[in-house]
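Shown next: protein_2.json, containing JSON, C-alpha atoms.
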[["chain", "number", "residue", "atom", "x", "y", "z"],
["A", 1, "MET", "CA", -52.95, 147.50, 144.98],
["A", 2, "ASN", "CA", -52.79, 145.17, 147.97],
["A", 3, "GLN", "CA", -49.81, 145.89, 150.21],
["A", 4, "THR", "CA", -48.66, 143.77, 153.11],
["A", 5, "GLN", "CA", -47.73, 145.76, 156.21],
["A", 6, "GLU", "CA", -44.29, 145.13, 157.67],
["A", 7, "TYR", "CA", -43.94, 144.66, 161.40],
["A", 8, "SER", "CA", -40.74, 145.43, 163.30],
["A", 9, "GLN", "CA", -41.37, 143.22, 166.35],
["A", 10, "PHE", "CA", -42.28, 139.93, 164.65],
["A", 11, "THR", "CA", -42.41, 138.03, 161.38],
["A", 12, "ILE", "CA", -45.57, 136.30, 160.19],
["A", 13, "THR", "CA", -44.83, 132.72, 159.11],
["A", 14, "HIS", "CA", -48.41, 131.55, 158.61],
["A", 15, "GLN", "CA", -51.88, 133.03, 158.77],
["A", 16, "SER", "CA", -55.43, 131.97, 158.17],
["A", 17, "ARG", "CA", -58.80, 133.53, 158.93],
["A", 18, "CYS", "CA", -58.60, 132.79, 162.67],
["A", 19, "GLN", "CA", -54.96, 131.85, 163.30],
["A", 20, "ILE", "CA", -51.63, 133.64, 163.09],
["A", 21, "LYS", "CA", -48.19, 132.08, 163.55],
["A", 22, "ILE", "CA", -45.33, 134.48, 164.17],
["A", 23, "ILE", "CA", -41.65, 134.47, 165.10],
["A", 24, "VAL", "CA", -40.85, 136.87, 167.93],
["A", 25, "PRO", "CA", -37.08, 137.43, 168.29],
["A", 26, "SER", "CA", -37.57, 139.49, 171.47],
["A", 27, "LEU", "CA", -38.74, 136.39, 173.36],
["A", 28, "PHE", "CA", -35.02, 135.47, 173.49],
["A", 29, "GLN", "CA", -36.00, 131.81, 173.98],
["A", 30, "SER", "CA", -37.19, 132.73, 177.48],
["A", 31, "LYS", "CA", -40.01, 130.77, 179.11],
["A", 32, "GLU", "CA", -40.66, 133.70, 181.44],
["A", 33, "ARG", "CA", -41.17, 136.11, 178.53],
["A", 34, "ALA", "CA", -43.36, 133.55, 176.79],
["A", 35, "HIS", "CA", -45.50, 133.19, 179.93],
["A", 36, "ILE", "CA", -45.86, 136.97, 180.24],
["A", 37, "LEU", "CA", -46.85, 137.32, 176.59],
["A", 38, "GLN", "CA", -49.37, 134.50, 176.89],
["A", 39, "THR", "CA", -50.94, 136.07, 179.99],
["A", 40, "LEU", "CA", -51.18, 139.50, 178.36],
["A", 41, "LEU", "CA", -52.76, 138.18, 175.17],
["A", 42, "LEU", "CA", -55.22, 135.83, 176.87],
["A", 43, "LYS", "CA", -56.68, 138.83, 178.71],
["A", 44, "ARG", "CA", -58.23, 139.77, 175.37],
["A", 45, "GLU", "CA", -61.63, 138.16, 174.94],
["A", 46, "ALA", "CA", -60.99, 137.67, 171.23],
["A", 47, "VAL", "CA", -57.88, 135.56, 171.82],
["A", 48, "GLU", "CA", -59.06, 131.99, 172.26],
["A", 49, "HIS", "CA", -55.82, 130.00, 172.56],
["A", 50, "ILE", "CA", -52.08, 130.55, 172.34],
["A", 51, "GLU", "CA", -49.29, 128.07, 171.70],
["A", 52, "ILE", "CA", -45.75, 129.25, 172.38],
["A", 53, "VAL", "CA", -42.52, 127.40, 171.66],
["A", 54, "PRO", "CA", -39.94, 129.54, 173.48],
["A", 55, "GLU", "CA", -36.99, 127.57, 172.11],
["A", 56, "LYS", "CA", -37.97, 128.69, 168.59],
["A", 57, "ASN", "CA", -39.43, 132.12, 169.57],
["A", 58, "GLU", "CA", -42.59, 130.85, 167.86],
["A", 59, "VAL", "CA", -46.09, 132.03, 168.82],
["A", 60, "THR", "CA", -49.36, 130.71, 167.38],
["A", 61, "ILE", "CA", -52.47, 132.71, 168.20],
["A", 62, "HIS", "CA", -55.99, 131.37, 167.67],
["A", 63, "PHE", "CA", -58.52, 134.20, 167.72],
["A", 64, "ASP", "CA", -62.10, 135.11, 166.87],
["A", 65, "PRO", "CA", -62.00, 137.44, 163.83],
["A", 66, "GLU", "CA", -65.54, 138.63, 164.64],
["A", 67, "LYS", "CA", -64.32, 140.06, 167.95],
["A", 68, "ILE", "CA", -61.00, 141.44, 166.72],
["A", 69, "PRO", "CA", -60.05, 141.88, 163.08],
["A", 70, "LYS", "CA", -56.69, 140.41, 162.12],
["A", 71, "VAL", "CA", -55.19, 143.84, 161.35],
["A", 72, "LYS", "CA", -56.08, 145.10, 164.84],
["A", 73, "LEU", "CA", -54.60, 141.97, 166.42],
["A", 74, "LEU", "CA", -51.38, 142.43, 164.46],
["A", 75, "ASN", "CA", -51.18, 146.09, 165.50],
["A", 76, "LEU", "CA", -51.81, 145.07, 169.12],
["A", 77, "LEU", "CA", -48.98, 142.52, 168.88],
["A", 78, "GLU", "CA", -46.66, 145.21, 167.53],
["A", 79, "ILE", "CA", -47.41, 147.45, 170.51],
["A", 80, "VAL", "CA", -47.19, 144.71, 173.16],
["A", 81, "LEU", "CA", -44.00, 143.23, 171.74],
["A", 82, "ALA", "CA", -42.30, 146.63, 171.60],
["A", 83, "ASN", "CA", -42.12, 146.34, 175.40],
["A", 84, "PHE", "CA", -40.17, 143.09, 174.99],
["A", 85, "SER", "CA", -37.57, 144.66, 172.71],
["A", 86, "LYS", "CA", -34.70, 144.82, 175.20],
["A", 87, "LYS", "CA", -32.81, 141.65, 175.96],
["A", 88, "PRO", "CA", -33.08, 140.50, 179.60],
["A", 89, "ARG", "CA", -30.05, 140.91, 181.83],
["A", 90, "ASP", "CA", -27.49, 138.22, 181.27],
["A", 91, "CYS", "CA", -26.73, 136.72, 184.66],
["A", 92, "GLU", "CA", -25.00, 133.49, 183.59],
["A", 93, "LYS", "CA", -21.74, 134.45, 185.33],
["A", 94, "LYS", "CA", -23.59, 135.05, 188.59],
["A", 95, "VAL", "CA", -25.39, 131.69, 188.25],
["A", 96, "VAL", "CA", -22.10, 129.83, 187.76],
["A", 97, "GLU", "CA", -20.56, 131.58, 190.80],
["A", 98, "LEU", "CA", -23.60, 130.72, 192.96],
["A", 99, "GLU", "CA", -23.65, 127.09, 191.81],
["A", 100, "GLU", "CA", -20.06, 126.73, 192.95],
["A", 101, "GLN", "CA", -21.01, 128.08, 196.41],
["A", 102, "ARG", "CA", -24.17, 126.00, 196.93],
["A", 103, "ASN", "CA", -24.15, 123.17, 199.40],
["A", 104, "GLY", "CA", -26.68, 120.37, 199.60],
["A", 105, "THR", "CA", -29.74, 119.73, 197.51],
["A", 106, "PRO", "CA", -32.60, 122.08, 196.69],
["A", 107, "GLN", "CA", -35.47, 122.16, 199.18],
["A", 108, "ASN", "CA", -39.18, 122.65, 198.63],
["A", 109, "VAL", "CA", -40.99, 125.51, 200.36],
["A", 110, "ALA", "CA", -44.81, 125.47, 200.19],
["A", 111, "PHE", "CA", -46.75, 128.43, 201.53],
["A", 112, "GLY", "CA", -50.06, 130.24, 201.39],
["A", 113, "VAL", "CA", -50.18, 133.56, 199.53],
["A", 114, "GLY", "CA", -52.41, 136.46, 200.54],
["A", 115, "GLY", "CA", -53.10, 139.75, 198.83],
["A", 116, "MET", "CA", -53.46, 138.57, 195.23],
["A", 117, "SER", "CA", -56.37, 140.18, 193.39],
["A", 118, "CYS", "CA", -55.94, 138.60, 189.94],
["A", 119, "THR", "CA", -53.89, 136.12, 187.93],
["A", 120, "SER", "CA", -51.45, 138.90, 187.03],
["A", 121, "CYS", "CA", -50.53, 139.14, 190.73],
["A", 122, "ALA", "CA", -49.68, 135.44, 190.74],
["A", 123, "LEU", "CA", -47.67, 135.85, 187.53],
["A", 124, "PHE", "CA", -45.81, 138.86, 188.98],
["A", 125, "LEU", "CA", -44.91, 137.02, 192.18],
["A", 126, "GLU", "CA", -43.87, 133.93, 190.23],
["A", 127, "MET", "CA", -41.60, 136.07, 188.04],
["A", 128, "ILE", "CA", -40.04, 137.85, 191.03],
["A", 129, "LEU", "CA", -39.27, 134.55, 192.75],
["A", 130, "SER", "CA", -38.07, 132.93, 189.50],
["A", 131, "ARG", "CA", -35.57, 135.73, 188.91],
["A", 132, "ASN", "CA", -33.74, 134.79, 192.09],
["A", 133, "VAL", "CA", -30.94, 132.54, 190.85],
["A", 134, "ASN", "CA", -31.21, 130.41, 194.00],
["A", 135, "ASN", "CA", -34.64, 129.16, 192.91],
["A", 136, "VAL", "CA", -34.82, 126.19, 190.56],
["A", 137, "HIS", "CA", -38.61, 126.05, 190.09],
["A", 138, "VAL", "CA", -41.42, 128.37, 191.20],
["A", 139, "ASN", "CA", -45.19, 128.00, 190.97],
["A", 140, "ILE", "CA", -47.78, 130.43, 192.32],
["A", 141, "ASP", "CA", -51.37, 129.21, 191.92],
["A", 142, "TYR", "CA", -53.88, 132.07, 192.01],
["A", 143, "ASP", "CA", -56.92, 129.81, 192.46],
["A", 144, "THR", "CA", -55.61, 127.87, 195.46],
["A", 145, "GLU", "CA", -53.47, 130.76, 196.78],
["A", 146, "ILE", "CA", -50.60, 128.36, 197.30],
["A", 147, "GLY", "CA", -47.02, 128.92, 196.23],
["A", 148, "THR", "CA", -44.23, 126.40, 195.91],
["A", 149, "VAL", "CA", -40.56, 127.17, 195.52],
["A", 150, "CYS", "CA", -37.88, 124.56, 194.91],
["A", 151, "GLY", "CA", -34.41, 125.95, 195.42],
["A", 152, "TYR", "CA", -31.67, 126.93, 197.79],
["A", 153, "LEU", "CA", -33.56, 129.59, 199.77],
["A", 154, "ASN", "CA", -35.00, 128.73, 203.16],
["A", 155, "LYS", "CA", -38.59, 129.50, 204.13],
["A", 156, "ALA", "CA", -37.73, 132.82, 205.83],
["A", 157, "GLU", "CA", -35.89, 134.04, 202.71],
["A", 158, "VAL", "CA", -38.82, 133.09, 200.44],
["A", 159, "PHE", "CA", -41.30, 134.76, 202.80],
["A", 160, "LYS", "CA", -39.19, 137.96, 202.83],
["A", 161, "ILE", "CA", -39.25, 138.18, 199.02],
["A", 162, "VAL", "CA", -43.04, 137.65, 199.02],
["A", 163, "THR", "CA", -43.70, 140.29, 201.68],
["A", 164, "ASP", "CA", -41.19, 142.77, 200.21],
["A", 165, "ASN", "CA", -43.34, 142.72, 197.06],
["A", 166, "GLY", "CA", -46.60, 143.55, 198.80],
["A", 167, "PHE", "CA", -48.08, 140.10, 199.41],
["A", 168, "GLN", "CA", -48.50, 137.97, 202.51],
["A", 169, "ALA", "CA", -46.85, 134.59, 202.96],
["A", 170, "TYR", "CA", -48.43, 132.06, 205.32],
["A", 171, "SER", "CA", -46.94, 128.87, 206.62],
["A", 172, "ILE", "CA", -48.88, 125.74, 205.65],
["A", 173, "ASP", "CA", -46.43, 123.16, 206.98],
["A", 174, "THR", "CA", -48.90, 121.59, 209.38],
["A", 175, "LEU", "CA", -52.41, 120.33, 208.76],
["A", 176, "ALA", "CA", -53.76, 122.96, 211.17],
["A", 177, "GLU", "CA", -52.06, 125.78, 209.21],
["A", 178, "HIS", "CA", -53.39, 124.38, 205.93],
["A", 179, "LYS", "CA", -56.91, 124.18, 207.40],
["A", 180, "LEU", "CA", -56.63, 127.78, 208.61],
["A", 181, "LEU", "CA", -55.74, 128.87, 205.05],
["A", 182, "LEU", "CA", -58.74, 126.96, 203.63],
["A", 183, "ASP", "CA", -61.06, 128.52, 206.23],
["A", 184, "CYS", "CA", -59.78, 131.96, 205.27],
["A", 185, "GLU", "CA", -60.46, 131.20, 201.59],
["A", 186, "GLN", "CA", -64.02, 130.05, 202.41],
["A", 187, "ARG", "CA", -64.74, 133.29, 204.30],
["A", 188, "PHE", "CA", -63.42, 135.27, 201.34],
["A", 189, "LEU", "CA", -65.66, 133.33, 198.93],
["A", 190, "LEU", "CA", -68.71, 133.97, 201.12],
["A", 191, "ILE", "CA", -67.95, 137.70, 201.15],
["A", 192, "GLU", "CA", -67.54, 137.70, 197.36],
["A", 193, "LYS", "CA", -70.92, 136.00, 196.86],
["A", 194, "LYS", "CA", -72.76, 138.75, 198.79]]
Would you mind giving the structure from this file in structure tokens?
Amino acid sequence: MNQTQEYSQFTITHQSRCQIKIIVPSLFQSKERAHILQTLLLKREAVEHIEIVPEKNEVTIHFDPEKIPKVKLLNLLEIVLANFSKKPRDCEKKVVELEEQRNGTPQNVAFGVGGMSCTSCALFLEMILSRNVNNVHVNIDYDTEIGTVCGYLNKAEVFKIVTDNGFQAYSIDTLAEHKLLLDCEQRFLLIEKK
């Protein structure tokens, strides 16, 4: 008798030999949760590509069945998604209160980031900055080691959040500061090649 296993963290809507489409209620239509899930799954060599539609809590995973059997992938998903099971804090009231207090337009803060050792560091820092309700958009690029924050925090406030979380923030407002950051990156690359 062929039984289909039930999963508590997701529902399978479509599957083929090398693709699985699931609905994940614990994504709570959150782009941040979708980004975290995508990063975690793409660390697996067998996972080739992921498409996530946060608005629908829909995840499509393209994988190599020779590297990871479908059953193992489904069991992995069950374990990973169990960590997503609690709904994120609802801070809508706080956002509304802050929007009423804000003056002016959002500003862009660009800065160099030091101390990242992998893409997960960039993701972590991006999440920390994104959780601040004063930030409208945040991007931390691991490869270029440059962060950008668009929001209502000034440069000193952004730098404090970065340094409070174990990273270094460098000013790149002037061409000389940007060149200094690039020189630092070149020295790091030379050390890595040795």
Residue neighbourhood Cys118 in chain A, 10 Å, all atoms listed in the file, exclusion window fewer than 4 positions, as a VMD selection string: chain A and resid 122 to 123 142 to 143
Gap from CA of Glu32 in chain A to CA of Ser120 in chain A - Å, one decimal: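 According to the coordinates, CA of Glu32 in chain A and CA of Ser120 in chain A are separated by 13.2 Å.
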Test item: residues at most 8 Å from Gln168 in chain A, only C-alpha atoms, excluding those fewer than 6 positions along its chain, as a tab-separated table (two decimals) with C-alpha atoms, in the frame of the given file:
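What landed in around.tsv:
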chain	number	residue	atom	x	y	z
A	112	GLY	CA	-50.06	130.24	201.39
A	113	VAL	CA	-50.18	133.56	199.53
A	114	GLY	CA	-52.41	136.46	200.54
A	115	GLY	CA	-53.10	139.75	198.83
A	159	PHE	CA	-41.30	134.76	202.80
A	162	VAL	CA	-43.04	137.65	199.02
Given all atoms listed in the file as the counted atoms, nearest of A:Pro106, A:Thr148, A:Val47, A:Gln9 to Leu73 in chain A: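 The shortest atom-to-atom distance to Leu73 in chain A comes from A:Val47.
Picture a line from CA of Leu129 in chain A to CA of Val158 in chain A; it runs 7.8 Å.
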Best match for closeness to Thr39 in chain A among A:Asp183, A:Phe124, A:Val24, A:Ser117, counting only C-alpha atoms: A:Phe124
Interatomic distance, CA of Ser8 in chain A to CA of Ile79 in chain A (Å, one decimal):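 Calculated distance between CA of Ser8 in chain A and CA of Ile79 in chain A is 10.0 Å.
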For Val138 in chain A: contacts at 12 Å, only C-alpha atoms, fewer than 5 positions along chain excluded, given as a PyMOL selection string: chain A and resi 32+107-111+122-133+146-153+158
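Within the 12 Å cut-off around Lys43 in chain A, using all atoms listed in the file and omitting residues fewer than 5 positions from it on the same chain, the listed residues are Ile36, Leu37, Gln38, Glu48, His49, Ile50, Cys118, Thr119 and Ser120 of chain A.
Remark: for Asn135 in chain A, the closest of the candidate residues A:Ile68, A:Ile161, A:Leu77, A:Ile61 is A:Ile161 (distances computed over only C-alpha atoms).
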Point (-51.1, 128.1, 170.1) neighbourhood (9 Å, all atoms listed in the file) written as an MDAnalysis selection string: chainID A and resid 19:21 49:53 59:62
Best match for closeness to Pro69 in chain A among A:Leu190, A:Val136, A:Ile23, A:Cys18, counting all atoms listed in the file: A:Cys18
Minimum-distance residue to Asn83 in chain A, chosen among A:Ile172, A:Leu27, A:Pro65, A:Gly104 (using all atoms listed in the file):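 Residue with the minimum atom-to-atom distance to Asn83 in chain A: A:Leu27.
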